[in-house]
Amino acid sequence: LKFKPVTGFSLRVGQMALPSFLVSDSRYVGYANTWIRPPDEVYGQAVFDTFNGADLAYQHNVGPFTLTVGGLAGKSKADVLVSSNVFHVNGRNVRGYNASLDTDLVMFRFSHVKVDVDYIASGYILAKYFYTFSSIAAVVDRDNVVLQTEFIARHVGFTAADLNSWYLLGGYRMGKWLPYAIYAATQQPSGPNFAYPYQGGPWIPTLSKHTDSLG
């Protein structure tokens, strides 16, 4: 359900996509995106895709620019695979905020989501952690040139599940066609493999990978 109580404000209630990415609402609609497949280094790293709750957005013109800010609250759930075992993840107290600024030449966007997490197996809570997912992005779509970049940081409280990732997309329109190239990379930071307050454990070195793709 969507309401517009006054000019510039909008309120939505129900199940919605978490605004974790530059492309969140249409990420699973192929024809709505530049790419054939989004870079997994970034778009494959969110534990939670949707939430049940409410979000509020406000849009305002600042001179020639358009500023949009929003906030959300609710709950979520997901299933995660860890060492061939499936765990149910219950997301409590989902909250977040996002903002975008469209300057006509460049569109900037930032978002941050935080969740209190229960890891559940066989009906029992095995662990409680926090989960944060932040992203910052910029898009240039001018004449025939398309440039797009996005950086994400995921923190779960222990190094084995923390990562930083980014991609850079460049394309050039030729009639109805938009050939593009993407460079994407992800890095797992070094640190102890145990979550706070259980500091210590095996030390994980910095791990990284990257991919190149054309479309």
# chains A, B, ... in the order shown; residues from 1 in each chain; ligands from 1
$ residues_around --residues "A:Phe9" --least-positions-apart "4" --cutoff "9 Å" --atoms "only C-alpha atoms" --output "number ranges by chain"
A: 3-5, 56-59
$ write_last_selection --atoms "all heavy atoms" --output "compact mmCIF listing (two decimals), in the first residue's frame"
# COMPACT_ATOMS: atom_id res chain seq x y z
N PHE A 3 0.79 5.58 0.23
CA PHE A 3 0.01 6.77 0.53
C PHE A 3 0.87 8.00 0.26
O PHE A 3 2.09 7.99 0.44
CB PHE A 3 -0.43 6.79 2.00
CG PHE A 3 -1.13 5.54 2.45
CD1 PHE A 3 -0.42 4.51 3.02
CD2 PHE A 3 -2.50 5.41 2.29
CE1 PHE A 3 -1.05 3.35 3.43
CE2 PHE A 3 -3.15 4.26 2.71
CZ PHE A 3 -2.43 3.22 3.28
N LYS A 4 0.21 9.08 -0.17
CA LYS A 4 0.89 10.37 -0.36
C LYS A 4 0.09 11.41 0.41
O LYS A 4 -0.76 12.11 -0.15
CB LYS A 4 0.97 10.72 -1.83
CG LYS A 4 1.90 9.83 -2.63
CD LYS A 4 2.06 10.32 -4.06
CE LYS A 4 3.08 9.49 -4.81
NZ LYS A 4 3.27 9.94 -6.21
N PRO A 5 0.38 11.53 1.74
CA PRO A 5 -0.41 12.42 2.58
C PRO A 5 -0.29 13.89 2.20
O PRO A 5 -1.26 14.64 2.26
CB PRO A 5 0.12 12.16 3.99
CG PRO A 5 1.50 11.60 3.77
CD PRO A 5 1.43 10.83 2.49
N LEU A 56 9.19 5.57 4.61
CA LEU A 56 8.74 6.93 4.38
C LEU A 56 9.79 7.64 3.54
O LEU A 56 10.99 7.53 3.81
CB LEU A 56 8.57 7.66 5.72
CG LEU A 56 8.12 9.14 5.66
CD1 LEU A 56 6.69 9.24 5.13
CD2 LEU A 56 8.23 9.78 7.04
N ALA A 57 9.34 8.34 2.51
CA ALA A 57 10.27 9.06 1.63
C ALA A 57 9.80 10.49 1.44
O ALA A 57 8.59 10.78 1.46
CB ALA A 57 10.38 8.35 0.28
N TYR A 58 10.77 11.37 1.26
CA TYR A 58 10.48 12.79 1.01
C TYR A 58 11.36 13.28 -0.13
O TYR A 58 12.57 13.06 -0.13
CB TYR A 58 10.74 13.63 2.26
CG TYR A 58 10.56 15.11 2.02
CD1 TYR A 58 9.31 15.65 1.77
CD2 TYR A 58 11.66 15.98 2.04
CE1 TYR A 58 9.14 17.01 1.53
CE2 TYR A 58 11.51 17.33 1.82
CZ TYR A 58 10.24 17.84 1.57
OH TYR A 58 10.07 19.18 1.33
N GLN A 59 10.75 13.91 -1.11
CA GLN A 59 11.47 14.43 -2.27
C GLN A 59 11.29 15.94 -2.34
O GLN A 59 10.18 16.46 -2.17
CB GLN A 59 10.95 13.78 -3.55
CG GLN A 59 11.77 14.12 -4.79
CD GLN A 59 11.30 13.35 -6.01
OE1 GLN A 59 10.37 13.78 -6.69
NE2 GLN A 59 11.94 12.22 -6.27
$ residues_around --residues "stretch 138-154 of chain A" --least-positions-apart "6" --cutoff "10 Å" --atoms "only C-alpha atoms" --output "PyMOL selection string"
chain A and resi 20-22+34+41-43+45-47+100-113+131-132+161-175+178-188
$ select_by_dssp --residues "stretch 7-104 of chain A" --states "alpha helix (DSSP H)" --output "VMD selection string"
chain A and resid 40 to 43
$ select_by_dssp --residues "stretch 10-165 of chain A" --states "strand (DSSP E)" --output "JSON, numbers by chain"
{"A": [10, 11, 12, 13, 14, 15, 16, 17, 50, 51, 52, 53, 54, 55, 56, 57, 58, 59, 60, 61, 62, 65, 66, 67, 68, 69, 70, 71, 72, 73, 74, 75, 76, 77, 78, 79, 80, 81, 82, 85, 86, 87, 88, 89, 90, 91, 92, 93, 94, 95, 96, 97, 98, 99, 100, 101, 102, 107, 108, 109, 110, 111, 112, 113, 114, 115, 116, 117, 118, 119, 120, 121, 124, 125, 126, 127, 128, 129, 130, 131, 132, 133, 134, 135, 136, 137, 138, 139, 140, 141, 142, 145, 146, 147, 148, 149, 150, 151, 152, 153, 154, 155, 163, 164, 165]}
$ closest_residue --among "A:Ile136, A:Leu1, A:Ala54, A:Val115" --to "A:Gly157" --atoms "only C-alpha atoms"
A:Val115
$ atom_distance --atom1 "atom CA of A:Tyr119" --atom2 "atom CA of A:Arg95"
18.4 Å
